[in-house]
>>> print(open('upload14.txt').read())   # compact mmCIF, C-alpha atoms and all ligand atoms
# COMPACT_ATOMS: atom_id res chain seq x y z
CA MET A 1 1.89 118.79 129.82
CA GLY A 2 2.98 121.17 132.65
CA GLN A 3 -0.53 121.76 133.95
CA ALA A 4 -1.53 118.08 133.70
CA GLU A 5 1.60 117.11 135.63
CA ILE A 6 0.82 119.64 138.36
CA GLU A 7 -2.77 118.32 138.57
CA ARG A 8 -1.41 114.77 138.89
CA TRP A 9 0.66 115.86 141.89
CA GLU A 10 -2.27 117.75 143.39
CA GLN A 11 -4.28 114.50 143.32
CA ARG A 12 -1.41 112.48 144.71
CA TYR A 13 -1.11 114.76 147.73
CA GLN A 14 -4.83 114.46 148.63
CA THR A 15 -4.10 112.21 151.59
CA SER A 16 -3.24 112.96 155.19
CA THR A 17 -0.12 110.76 154.81
CA TYR A 18 3.09 112.56 153.94
CA VAL A 19 3.79 110.86 150.60
CA PHE A 20 7.57 111.33 150.96
CA GLY A 21 7.63 111.29 154.75
CA LYS A 22 8.46 114.03 157.21
CA GLU A 23 12.17 113.31 157.54
CA PRO A 24 14.66 115.12 155.29
CA ASN A 25 16.34 113.40 152.38
CA ALA A 26 19.52 111.63 153.61
CA PHE A 27 21.77 113.14 150.92
CA LEU A 28 20.55 116.65 151.75
CA ARG A 29 21.14 116.11 155.46
CA ARG A 30 24.74 115.14 154.72
CA ALA A 31 25.49 117.61 151.91
CA ALA A 32 24.03 120.65 153.69
CA SER A 33 26.94 120.53 156.13
CA CYS A 34 28.90 122.59 153.54
CA LEU A 35 26.52 125.55 153.91
CA PRO A 36 27.50 128.58 155.93
CA ALA A 37 25.27 129.39 158.93
CA ALA A 38 22.02 131.17 158.12
CA SER A 39 22.34 130.57 154.38
CA ARG A 40 19.58 131.75 152.07
CA VAL A 41 18.34 128.49 150.54
CA LEU A 42 15.90 127.94 147.69
CA ALA A 43 14.14 124.56 147.97
CA VAL A 44 12.92 123.77 144.46
CA ALA A 45 9.68 121.75 144.08
CA ASP A 46 9.80 121.17 147.82
CA GLY A 47 6.58 119.14 147.99
CA GLU A 48 5.24 118.59 151.49
CA GLY A 49 8.18 120.42 153.02
CA ARG A 50 10.31 117.69 154.57
CA ASN A 51 13.50 119.23 153.16
CA GLY A 52 12.66 122.93 153.42
CA VAL A 53 11.44 122.55 157.00
CA TRP A 54 14.55 120.62 158.01
CA LEU A 55 16.80 123.27 156.41
CA ALA A 56 14.91 125.98 158.28
CA ALA A 57 15.33 124.03 161.52
CA GLN A 58 19.10 124.12 160.88
CA GLY A 59 18.91 127.93 161.00
CA HIS A 60 18.82 128.62 157.26
CA GLN A 61 16.50 131.18 155.62
CA VAL A 62 14.45 128.99 153.36
CA CYS A 63 12.25 129.84 150.41
CA ALA A 64 10.32 126.73 149.27
CA VAL A 65 8.65 126.91 145.88
CA GLU A 66 6.17 124.25 144.84
CA ALA A 67 3.20 124.01 142.48
CA SER A 68 0.80 121.92 144.56
CA LEU A 69 -1.41 123.76 147.05
CA ALA A 70 -2.17 120.51 148.90
CA ALA A 71 1.55 119.87 149.31
CA GLN A 72 2.18 123.38 150.61
CA ASP A 73 -0.66 123.07 153.14
CA LYS A 74 1.15 120.04 154.49
CA ALA A 75 4.47 121.92 154.46
CA ARG A 76 2.83 124.71 156.48
CA ARG A 77 1.58 122.15 159.03
CA LEU A 78 5.00 120.46 159.23
CA ALA A 79 6.70 123.82 159.82
CA ALA A 80 4.18 124.66 162.59
CA GLU A 81 4.68 121.22 164.20
CA GLN A 82 8.42 121.82 164.29
CA GLY A 83 8.16 125.48 165.28
CA VAL A 84 10.12 126.81 162.31
CA GLU A 85 9.44 129.51 159.74
CA LEU A 86 10.06 129.40 156.03
CA GLN A 87 8.74 131.26 153.03
CA LEU A 88 6.31 129.13 151.00
CA ILE A 89 5.67 130.17 147.41
CA THR A 90 3.04 128.37 145.34
CA ALA A 91 4.15 128.59 141.73
CA ASP A 92 4.71 126.68 138.54
CA LEU A 93 8.49 126.65 138.10
CA PHE A 94 8.08 127.07 134.34
CA THR A 95 6.28 130.40 134.68
CA TRP A 96 7.72 131.62 138.02
CA GLU A 97 9.93 134.69 137.87
CA TRP A 98 13.09 133.12 139.25
CA PRO A 99 15.24 135.40 141.43
CA ARG A 100 18.78 135.86 140.13
CA ALA A 101 22.00 135.63 142.18
CA ALA A 102 19.81 135.64 145.29
CA PHE A 103 20.60 132.39 147.13
CA ASP A 104 23.59 130.84 148.89
CA ALA A 105 22.24 127.40 147.98
CA VAL A 106 19.64 125.68 145.85
CA ALA A 107 18.29 122.29 146.98
CA ALA A 108 16.71 120.24 144.21
CA ILE A 109 15.68 116.84 145.53
CA PHE A 110 13.81 114.56 143.11
CA ILE A 111 12.67 117.16 140.58
CA GLN A 112 12.33 114.62 137.77
CA PHE A 113 8.88 115.71 136.63
CA ALA A 114 10.77 117.66 133.92
CA THR A 115 11.13 116.51 130.32
CA PRO A 116 14.61 117.11 128.80
CA PRO A 117 13.80 120.64 127.49
CA GLN A 118 12.10 121.49 130.78
CA ARG A 119 15.09 120.12 132.70
CA ALA A 120 17.44 122.35 130.70
CA TYR A 121 15.25 125.34 131.60
CA LEU A 122 15.14 124.41 135.30
CA PHE A 123 18.88 123.77 135.56
CA ALA A 124 19.66 127.12 133.90
CA ALA A 125 17.25 128.94 136.25
CA MET A 126 18.68 127.17 139.31
CA LYS A 127 22.23 128.14 138.34
CA GLU A 128 21.23 131.77 137.80
CA ALA A 129 19.39 131.83 141.15
CA LEU A 130 22.68 131.18 142.97
CA ARG A 131 25.07 133.92 144.00
CA PRO A 132 28.64 133.41 142.80
CA GLY A 133 30.13 130.81 145.18
CA GLY A 134 26.67 129.42 145.99
CA TYR A 135 26.01 125.68 146.23
CA LEU A 136 23.72 123.46 144.22
CA LEU A 137 22.61 120.30 146.07
CA LEU A 138 20.80 117.90 143.76
CA GLN A 139 19.66 114.32 144.08
CA GLY A 140 17.68 112.25 141.63
CA TYR A 141 17.19 108.78 140.28
CA GLY A 142 19.63 107.30 137.77
CA LEU A 143 18.61 105.28 134.72
CA ALA A 144 19.07 102.02 136.63
CA GLN A 145 16.03 103.02 138.72
CA LEU A 146 13.86 101.63 135.92
CA GLN A 147 14.73 98.13 137.20
CA HIS A 148 13.77 98.89 140.79
CA ARG A 149 10.36 100.56 140.42
CA THR A 150 10.58 101.92 143.96
CA GLY A 151 9.83 105.54 143.02
CA GLY A 152 10.40 108.14 140.35
CA PRO A 153 9.21 108.55 136.79
CA SER A 154 8.98 105.66 134.36
CA GLN A 155 10.16 107.80 131.41
CA PRO A 156 13.88 107.01 130.90
CA GLU A 157 14.54 110.49 129.48
CA GLN A 158 13.55 112.06 132.80
CA LEU A 159 16.12 110.04 134.76
CA TYR A 160 19.73 111.14 135.21
CA THR A 161 23.06 109.75 134.10
CA VAL A 162 26.46 110.81 135.39
CA GLU A 163 27.35 112.05 131.90
CA LEU A 164 24.21 114.15 131.63
CA LEU A 165 24.87 115.81 135.00
CA ARG A 166 28.58 116.31 134.34
CA ASP A 167 27.64 118.11 131.13
CA ALA A 168 24.84 120.10 132.73
CA PHE A 169 27.15 121.47 135.44
CA ALA A 170 30.36 121.73 133.39
CA ASP A 171 30.46 125.47 134.08
CA PHE A 172 30.31 124.85 137.86
CA GLU A 173 32.93 123.47 140.25
CA LEU A 174 31.85 119.86 140.63
CA ILE A 175 32.50 118.93 144.26
CA GLU A 176 30.61 115.64 144.22
CA LEU A 177 29.02 113.53 141.49
CA ARG A 178 28.20 110.06 142.77
CA GLU A 179 26.05 107.24 141.45
CA TYR A 180 25.12 104.40 143.80
CA GLU A 181 22.39 102.11 145.04
CA ALA A 182 20.80 102.47 148.46
CA GLU A 183 17.76 101.38 150.42
CA ILE A 184 15.64 104.46 151.04
CA GLU A 185 12.51 104.88 153.14
CA GLU A 186 10.95 108.24 152.29
CA GLY A 187 7.28 107.64 153.00
CA PRO A 188 5.24 105.45 150.64
CA GLY A 189 6.48 107.50 147.64
CA HIS A 190 10.12 106.40 147.72
CA ALA A 191 10.60 103.05 149.38
CA GLY A 192 13.15 100.31 148.78
CA LYS A 193 16.32 99.70 146.81
CA SER A 194 16.99 102.74 144.63
CA ALA A 195 19.49 103.89 142.00
CA LEU A 196 20.55 107.39 143.02
CA ILE A 197 22.82 110.15 141.76
CA ASP A 198 24.03 112.97 144.00
CA VAL A 199 25.50 116.28 142.88
CA VAL A 200 27.16 118.99 144.91
CA ALA A 201 28.34 121.81 142.64
CA ARG A 202 29.43 125.38 143.28
CA ARG A 203 28.85 128.41 141.12
CA PRO A 204 32.27 129.88 140.27
CA LEU A 205 33.13 133.04 142.19
CA SER A 206 33.94 134.75 138.90
CA ARG A 207 30.42 134.37 137.45
C1 LIG B 301 8.99 113.69 143.59
S1 LIG B 301 8.21 115.12 144.28
C2 LIG B 301 9.54 115.69 145.31
C3 LIG B 301 9.12 116.63 146.39
C4 LIG B 301 10.24 117.07 147.32
N1 LIG B 301 11.33 117.69 146.59
C5 LIG B 301 10.75 115.92 148.16
O1 LIG B 301 11.85 115.44 147.88
O2 LIG B 301 10.03 115.51 149.08
C6 LIG B 301 8.23 116.29 142.89
C7 LIG B 301 7.55 117.60 143.23
O3 LIG B 301 7.57 118.46 142.09
C8 LIG B 301 6.39 119.24 142.09
N2 LIG B 301 6.18 119.82 140.76
C9 LIG B 301 5.85 119.16 139.61
N3 LIG B 301 5.76 120.02 138.57
C10 LIG B 301 6.02 121.25 139.08
C11 LIG B 301 6.09 122.55 138.52
N4 LIG B 301 5.87 122.76 137.20
N5 LIG B 301 6.39 123.60 139.32
C12 LIG B 301 6.63 123.41 140.64
N6 LIG B 301 6.60 122.20 141.24
C13 LIG B 301 6.30 121.12 140.46
C14 LIG B 301 5.33 118.25 142.52
O4 LIG B 301 4.15 118.88 142.96
C15 LIG B 301 6.08 117.48 143.59
O5 LIG B 301 5.87 118.05 144.85
>>> encode(input="upload14.txt", output="structure tokens")
Amino acid sequence: MGQAEIERWEQRYQTSTYVFGKEPNAFLRRAASCLPAASRVLAVADGEGRNGVWLAAQGHQVCAVEASLAAQDKARRLAAEQGVELQLITADLFTWEWPRAAFDAVAAIFIQFATPPQRAYLFAAMKEALRPGGYLLLQGYGLAQLQHRTGGPSQPEQLYTVELLRDAFADFELIELREYEAEIEEGPGHAGKSALIDVVARRPLSR
């Protein structure tokens, strides 16, 4: 299913429109204020670059990894438009050799292409990619999103619950875990009333 899912995204990005817009995700914009200056940030499945480019514009050293070539072409153009530099890696996150203890932060915004076993793999890799004391910034859709149909997968098992995320990050310091509804306008891909869950978690200094 991994390759078919990547191909689906490749097709979806074959448009000059930025499917998720050019502005950063609102949660990320707020949550990134906890990051020290010039943090090394891994932007996971960064798509067309709205989040990685914004983080780079804040002075962070960003590595954006994403499977779709079409999306990364757009990310490259967005970075050039805004006069910022970031490292763009085209890779399948399920075969990529994840760096370990290498980043001050990992940003994972709407990475719900993952089935439950794939999600467990990604979460473990994201945790290991952080240095001790590093921050995980994650936003995704909650189960209630199935009623809204304003973005995200239609498979309930790919959506988040507070319990699932509390469990997944039980070995981290949970700074924020918040479920709420909000109107979002993130290009044509995410538009309208949405059920969201935010996580800010910190890798313990002792690990
Ligand atoms: C909902 S989009 C979110 C993009 C970006 N994080 C944002 O918020 O604008 C999900 C992204 O996951 C990417 N993706 C799906 N499967 C992937 C995989 N196996 N490895 C890397 N990226 C993948 C897709 O290409 C797509 O860009």
>>> closest_atom_pairs(input="upload14.txt", of="chain A", to="ligand LIG 301 (chain B)", cutoff="6 Å", atoms="all atoms listed in the file", output="CSV")
residue,atom,partner,partner_atom,distance
A:Gly2,CA,B:LIG301,N4,5.6
A:Glu5,CA,B:LIG301,N3,5.9
A:Ile6,CA,B:LIG301,N3,5.0
A:Trp9,CA,B:LIG301,O4,4.7
A:Phe20,CA,B:LIG301,O2,5.2
A:Ala45,CA,B:LIG301,N6,4.2
A:Asp46,CA,B:LIG301,N1,4.0
A:Gly47,CA,B:LIG301,O5,3.4
A:Arg50,CA,B:LIG301,O2,5.9
A:Glu66,CA,B:LIG301,N6,4.2
A:Ala67,CA,B:LIG301,C12,3.9
A:Ser68,CA,B:LIG301,O4,4.8
A:Ala91,CA,B:LIG301,C12,5.8
A:Asp92,CA,B:LIG301,N5,3.6
A:Leu93,CA,B:LIG301,N5,3.9
A:Phe94,CA,B:LIG301,N4,5.6
A:Ile109,CA,B:LIG301,N1,4.6
A:Phe110,CA,B:LIG301,C1,4.9
A:Ile111,CA,B:LIG301,C6,5.1
A:Phe113,CA,B:LIG301,C9,5.5
>>> closest_residue(input="upload14.txt", among="A:Arg30, A:Arg8, A:Lys22, A:Arg77", to="A:Val200", atoms="only C-alpha atoms")
A:Arg30
>>> closest_residue(input="upload14.txt", among="A:Glu163, A:Asp198, A:Glu157, A:Glu7", to="A:Ala108", atoms="all atoms listed in the file")
A:Asp198
>>> residues_near_point(input="upload14.txt", point="(4.7, 128.1, 148.1)", cutoff="7 Å", atoms="all atoms listed in the file", output="list in words")
Ala64, Val65, Glu66, Gln72, Leu88, Ile89, Thr90 and Ala91 of chain A
>>> write_last_selection(input="upload14.txt", atoms="C-alpha atoms", output="PDB file, in the coordinates of the input")
ATOM      1  CA  ALA A  64      10.320 126.730 149.270  1.00  0.00           C
ATOM      2  CA  VAL A  65       8.650 126.910 145.880  1.00  0.00           C
ATOM      3  CA  GLU A  66       6.170 124.250 144.840  1.00  0.00           C
ATOM      4  CA  GLN A  72       2.180 123.380 150.610  1.00  0.00           C
ATOM      5  CA  LEU A  88       6.310 129.130 151.000  1.00  0.00           C
ATOM      6  CA  ILE A  89       5.670 130.170 147.410  1.00  0.00           C
ATOM      7  CA  THR A  90       3.040 128.370 145.340  1.00  0.00           C
ATOM      8  CA  ALA A  91       4.150 128.590 141.730  1.00  0.00           C
TER       9      ALA A  91
END
>>> atom_distance(input="upload14.txt", atom1="atom CA of A:Leu136", atom2="atom CA of A:Thr161")
17.1 Å
>>> atom_distance(input="upload14.txt", atom1="atom CA of A:Val44", atom2="atom CA of A:Ala107")
6.1 Å
>>> residues_near_point(input="upload14.txt", point="(10.6, 129.4, 151.5)", cutoff="9 Å", atoms="all atoms listed in the file", output="list in words")
Val41, Leu42, Ala43, Gly52, Val53, Ala56, Gln61, Val62, Cys63, Ala64, Val65, Glu85, Leu86, Gln87, Leu88 and Ile89 of chain A
>>> atom_distance(input="upload14.txt", atom1="atom CA of A:Gly151", atom2="atom CA of A:Pro188")
8.9 Å
>>> residues_around(input="upload14.txt", residues="A:Glu173", least_positions_apart="3", cutoff="7 Å", atoms="all atoms listed in the file", output="list in words")
Ala201, Arg202, Arg203 and Pro204 of chain A
>>> axis_aligned_box(input="upload14.txt", around="stretch 169-182 of chain A", padding_each_side="8 Å", output="lines of an AutoDock Vina configuration file")
center_x = 26.9
center_y = 113.8
center_z = 140.9
size_x = 28.1
size_y = 39.4
size_z = 31.1
